[in-house]
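Report on the structure given below.
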Amino acid sequence: MDTPLEPFPFHGLVPKRETRAEEFLTANPEFDGRGIVIAILDTGIDPAVAGLQTTVDGRPKIVDLIDTSGSGDVDTSTVRKALCNGIGPLEIVGLTGRTLKIPEQWRNPTGEWHVGMKAGFELFPVAVRGRLQDDYQKKYWEPKHSPLLVEALKELSSFSSDNTIESKLKQEDLEAQVELLSSLSKAKCAGPVYDCIVFHDGDSWSAVVDITECGDLAQCTLLKPYRESRQYATFNKEDHINYSVNVYEEGDVLSIVTTAGSHGTHVASIAAAYFPDKPALNGIAPGAQILSIKIGDTRLNTMETSSSLIRAAITAKEARVDMINLSYGEASHWVNAGAVIELFVELATKHNIVFVASAGNNGPALSTVGCPGGNTHSLIGVGAFVSPDMMAASYSMTHQKDCLPYTWCSRGPTLDGDRGVTITAPGGAVTSVPKWTLQRSQLMNGTSMSSPNACGCIALLLSALKAKGIPYTPSLVKRVLENTAIPLGPSGSCDLFSSGHGVIQVPRAYEAMVEGADYIANDIIFKVSLLHPKNRRGIYIREPYELSQPSHYTVVVNPVFPEHSESSKKHDFELHLALVSSQPWVHCPQHLIMWNGVRQFVVEVQLDGLEPGVHFAEVCAYDSNGASSKGPLFRIPITAIIPTLLKDSKTFSLPSVDFTDQKLYRYFFHVPKDSTWAEIELANLCKDHRARINAHTVQLVPEKFYREHEHTEMVTLEPNGSHSCVITVMENRTLEVCLTQLWSELISAHVSVKVTFHSLQPSVPAITLHSCAGWTRLEVLSGFGQEQINPDFKLTHHIIPKRPVDFVIRPLGVRDILPNGAQIFELVLTYNFHCLHNTDVRPSVPLISDLLYESPYGGQLWMLYDQNKQFLCAGDAYPKQYSSKLEKGDYVIKLQIRHSDKAQLETLKDISILLEFKLSAALSLDVSHIRVGTFVSGCKFPPKTSRPGKMIPLYLSAMSEEKLSKVGAHPGDILSGRFTLCKLDDVKKKASYPLQYIIGPKAVKAAKGSAPQPLPYCDGTSDYTRALKEFKLNWMKAGAIPLNELEPQFGEEIDFLMAKLKFLEGKSEPVCTDVTELVSLIRSKLDITQVLVHAGMKCDLSAHASETNCEMEKSKNTLVECLLLEGSILLRQGSSDKLSEVYIDLHKLLDHKDAKMRSFRTKYVLQHKHYATAVKLLEEELAEKGPSKAIENDIIKHYQLLGWNHCAENRQRWMLRRYPEKYQLF
């Protein structure tokens, strides 16, 4: 090739030029992050990956690996002493039952070995579990299983039955082999189950995980906690999962630290990776060290929990880290409050930890910033953008554009008026990921990536400040970053709500810190809020009522000094501030004197004349004494939204909207009164190419997160095509409709837009109907326009409230002591419930289930177990994420709630949990247009078209008890669903309302007949005689009364003969002739033919039919019991001929699925060594009775006798998981 190749743009893989971090490092190579420790709160970090081994100056890159989620915890409170067999090493028996051989060189002065057990699949990421399952199937299971199935098929096809009982049993066994092997063709791999051992060697704790699964501990890696030894091990060469250990509670808890996902390793590599041979791949601060704190719970598919976040904060403080990066976050109902948030703020304000967090990936609509990154005042929230270098290197785009925010980047302002996003940074990178991904690196994007990029930039800054001896506080660092950032995009044209104050600039921030090192206000936090609405951090005018309120806002400024500041500093503090408004529609005083005390001033907002749309301004406070170049000391953000006027009060349209250069269009509407849904119609005006438009709508409600009233949809429009988005709306609230192309689109789009509001307003937004009420009325109003009404009320879920059967409150361990010394307590509640059939269940605790960061409690984890303590699933906040498929049987839920105030937990000791079961088929409520229709069957509401302003009544009828009985509902239960009013299908999917149906007391049905029947005459003497007889016979069966003592009295009565047979069956070696004679005598008194003939009768119309039926049923039951007792004796004696006769007779009397028949049949086929048939019967029994360790052990034994050792081995592993001795640790 003659044309020279372009060098690869490595600088675009981990972007450093955009923030001038590369420039800063070139000028100051010694300020590369050294001396800075960054805590990465994430999914955990793989200690073996390239780039995370050492720092530039040779120190270990990772200082510690800690799991605060609890998902890797192993209960090792069982203590055992080792035994010596005299010829080999010491041995102990692990919890799996395996014998564990202890290497001679291991030193354990106490002789105490803490043992535990952990399933590997409870430690492995979801992706690895799936891969190992596939590998197990292909490499292990199929090579062993397929030949067995082929051989069984051959043997069955070549077998010829001669119609003897033995031949039939043989054929049945061959058929069972084929059936079982076919059903086992797709193995559900149990995964490895490890024994875990913890001991103290006299100096510190050590631990080993038996990855051999055979007790050969010499082949395993003995580990000490990572912070002491920098040791880690690998489970096996197939999974490539590395792990380390920590030991807590004096050896009673072993924490196996792994990675729950690849996210954390990628984040750490962006912040601080160091590649000695490939510096272009370095992270932002290659000299910084990393503390890995795993907050992503493997049990919850990497979801964070309140308890993991609080433990992480405690850990970070104890480790004296300089920075925290949190690339996690959720939507929250309110800001700056909650147990987690308060602790995060304390880390920044009291312990000098700079806290950086992602702003969220839920844009582009406004007020979608996440918690904590976007709405917590002491944290630095980071938005994300993409640069031309990133487009070329990471995304391989044919054409590069100017810097622009990612489409999905969350936007401010926050619900309390703060700007939301502090700064922005490159939001994508190609860098290291865990080895178990089987890749060296991956491309990931999001504010999860921009946050560590910014964190690395700040680490460079702090490294320089530490080296220069310049003091700093997190609030000062945040203020300087805001004042030195540069606006994003050409001439700062990009959306400021996604980029905050702009792109972080390391050299400018460093220069500002150096120049202002001695400034009087460096360590002071200026707490700014509004007097009314109380505690808001900014002015946010959005809703209709806010536009009509007075335009004067009182701002409160409170200078907060460090906790141990001297009185003289507070006394001498005084600043003369200049207040400057950034926009002419905002007015403020020109000056303010600031001293140690609260100061107030008024800001006036004049909205007259502003165009429809969003408007932003700031009031900035500068030091007027020659320090204005340092930038504002504090700011008051003002966001005002001016609505777009609607045509005819219900429609808005634009014939052509030009989506070029990823321009973002925001339209704000004050939703008309009585509106219930809106239709957004988009039409592609281009005939040559498709258009892809991101439609995002949001309405805000006090103390509810934006997701409650959000709609997001990526709309693909074919050439000249159109699409309608239907969204639910709330009347008299502002609706934002945000439309844009994806950031990566290269072709402009031209689209017409039309928004139409519709009205079918129910008189109540939710319906609760009590079954005892019989009916309820609902009015429907069409506020404007004609709409088609066809109401539909459907119940889809069965909700069962459960109260705890037990509770315990106790202090937690050393990991759960807050920085202020307060001990965290746990409340553990136990709930029992029963599933009548296979179903899905979703538990929830309504009081706290939708709260996480903002929750006043420090944890709310529940764990679901079956009756044998097998762990099935877990859940935390946001219950819609967690459901489990359950089989028929009994279950237990353990719920843990945490708080540092024991009294707070006491108030929750009776808290209910709701179990939501999905109905197999939805139940519909009858709806009538007249009230009398609730009494008349079939009087249903006819579809009709409403007229504007007309109110239409609907009458709902309660369901019959017969209908309710089909779903197993009981008094106090709740049926839930949704109701819709519009006839149009597209509207039904979106515009629906909550519906609840409460089950009341059941009706008491009187017995048939008009009068109670008199009790029959009771002869006391005969009752006594019968009871005395039963008493004697029972004692005779037990061997307490000799046979010959009762034989003269009862002779050949059938009851006595059956008791005698039971006695013989209980003897260790019954005499065969005695049994044969006794059975013959009993049979002579019971005519089996007569019993069978009667059983075959379809209908007995004789006068004494009832008495005959009772007599025949009693004879049948006696015969069955006689045959079963005889069969039991014969099975022990090994008499096959006579046993076959018993088997045939039982087959005549009992159905093959009858439990008694199945039990006898299992023993019978085992005598003939038909193990496959026995397994099939045992599986049926297991399905009927539920989990049983004894039955499963029998199945394993029969697998081994069949030569199906791979089936036995997998089932043995499942047995270890299904029947643990204890519940798992939280």
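By order in the structure tokens, chains are A, B, ...; within a chain, residues start at 1; ligands start at 1, following the order shown.
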
Practice item. Using only C-alpha atoms, determine which residues lie at most 6 Å from region 576-593 of chain A, disregarding the query and same-chain residues fewer than 6 positions distant; provide the list as a ChimeraX atom specification. Key: /A:603-606,617-624

Produce a file of the selected residues containing C-alpha atoms, as a compact mmCIF listing (two decimals), in the first residue's frame.
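Resulting contents of out-v8.txt:
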# COMPACT_ATOMS: atom_id res chain seq x y z
CA VAL A 603 -34.05 38.37 44.57
CA GLU A 604 -36.73 39.62 42.19
CA VAL A 605 -37.66 37.57 39.12
CA GLN A 606 -39.50 39.33 36.28
CA ALA A 617 -29.93 32.78 35.35
CA GLU A 618 -27.62 33.01 38.35
CA VAL A 619 -27.01 35.51 41.08
CA CYS A 620 -23.30 35.28 41.84
CA ALA A 621 -21.56 36.62 44.93
CA TYR A 622 -18.00 37.95 44.39
CA ASP A 623 -15.52 39.30 46.90
CA SER A 624 -15.43 43.01 46.00

Exercise. What lies within 7 Å of Lys802 (chain A) using only C-alpha atoms, ignoring chain neighbours under 5 positions off, as a list of chain:residue names?
Worked result: A:Tyr831, A:Ser912, A:Ile913, A:Leu914

Legend entry - Contacts of Glu22 (chain A) at 12 Å (only C-alpha atoms; same-chain gap of 3+ positions) as number ranges by chain: A: 11-12, 14-19, 25-29, 31-32, 279-286, 456-457, 460, 505-507

- Run DSSP on the backbone and grab whatever in region 469-711 of chain A lands in strand (DSSP E); send it over as a count of residues only. 94

Which residues are close to Leu654 (chain A), i.e. within 9 Å by only C-alpha atoms, leaving aside same-chain residues fewer than 2 positions away? Reply as a list of chain:residue names. A:Phe652, A:Ser656, A:Val657, A:Val751, A:Ser752, A:Val753, A:Lys754

* Tell me, as a PyMOL selection string, which residues lie within 7 Å of region 532-548 of chain A, counting only C-alpha atoms; anything in the same chain fewer than 3 positions away does not count. => chain A and resi 416-418+528-529+554+636-641+670+732-734

Could you save those same residues with N, CA, C and O atoms as a short mmCIF file (atom, residue, chain, number, x, y, z; two decimals), in the first residue's frame?
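After the write, part-v4.cif holds the following:
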data_model
loop_
_atom_site.label_atom_id
_atom_site.label_comp_id
_atom_site.auth_asym_id
_atom_site.auth_seq_id
_atom_site.Cartn_x
_atom_site.Cartn_y
_atom_site.Cartn_z
N ASP A 416 -35.25 20.92 44.15
CA ASP A 416 -35.18 22.09 45.03
C ASP A 416 -34.45 23.26 44.38
O ASP A 416 -34.02 24.19 45.07
N GLY A 417 -34.29 23.22 43.05
CA GLY A 417 -33.80 24.38 42.33
C GLY A 417 -32.31 24.47 42.12
O GLY A 417 -31.84 25.41 41.46
N ASP A 418 -31.52 23.54 42.64
CA ASP A 418 -30.08 23.58 42.42
C ASP A 418 -29.77 23.23 40.96
O ASP A 418 -30.59 22.61 40.27
N VAL A 528 -26.49 28.14 51.14
CA VAL A 528 -27.45 29.06 50.53
C VAL A 528 -28.79 28.35 50.38
O VAL A 528 -28.85 27.22 49.89
N SER A 529 -29.86 29.02 50.80
CA SER A 529 -31.19 28.43 50.65
C SER A 529 -32.22 29.55 50.59
O SER A 529 -31.91 30.72 50.87
N THR A 554 -36.74 35.49 49.14
CA THR A 554 -35.75 35.82 50.17
C THR A 554 -34.69 34.72 50.22
O THR A 554 -35.01 33.54 50.39
N ILE A 636 -26.78 31.59 43.37
CA ILE A 636 -28.20 31.25 43.50
C ILE A 636 -28.73 30.98 42.09
O ILE A 636 -28.89 31.91 41.28
N PRO A 637 -28.94 29.70 41.74
CA PRO A 637 -29.45 29.40 40.40
C PRO A 637 -30.95 29.70 40.30
O PRO A 637 -31.70 29.49 41.25
N ILE A 638 -31.35 30.23 39.15
CA ILE A 638 -32.77 30.52 38.89
C ILE A 638 -33.15 29.87 37.57
O ILE A 638 -32.53 30.14 36.54
N THR A 639 -34.12 28.99 37.62
CA THR A 639 -34.65 28.35 36.41
C THR A 639 -36.12 28.71 36.29
O THR A 639 -36.89 28.52 37.24
N ALA A 640 -36.50 29.23 35.15
CA ALA A 640 -37.90 29.59 34.91
C ALA A 640 -38.37 28.94 33.63
O ALA A 640 -37.68 28.99 32.60
N ILE A 641 -39.53 28.34 33.69
CA ILE A 641 -40.11 27.67 32.53
C ILE A 641 -41.38 28.43 32.12
O ILE A 641 -42.30 28.59 32.92
N HIS A 670 -48.69 23.75 30.08
CA HIS A 670 -49.52 23.64 31.27
C HIS A 670 -50.72 22.78 30.89
O HIS A 670 -51.58 23.19 30.11
N ASN A 732 -53.29 20.46 35.21
CA ASN A 732 -52.78 21.61 35.95
C ASN A 732 -51.34 21.46 36.43
O ASN A 732 -50.92 22.10 37.39
N ARG A 733 -50.58 20.59 35.77
CA ARG A 733 -49.15 20.47 36.02
C ARG A 733 -48.41 20.70 34.71
O ARG A 733 -48.97 20.46 33.62
N THR A 734 -47.18 21.14 34.79
CA THR A 734 -46.39 21.40 33.59
C THR A 734 -45.84 20.11 33.02
O THR A 734 -45.25 19.30 33.76
#

Across A:Val841, A:Leu530, A:Cys455, A:Ile40, the smallest distance to Lys888 (chain A), with only C-alpha atoms counted, is shown by A:Val841

Find the residues around Ile747 (chain A) up to 10 Å (only C-alpha atoms counted), leave out those fewer than 2 positions away in its own chain, and share them as a PyMOL selection string. chain A and resi 659-662+689-692+741+744-745+749

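CA of Ile767 (chain A) lies 10.1 Å from CA of Phe793 (chain A).
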
One residue among A:Gln699, A:Thr740, A:Asn236, A:Thr265 is nearest to Arg666 (chain A) when using only C-alpha atoms, and that residue is A:Thr740
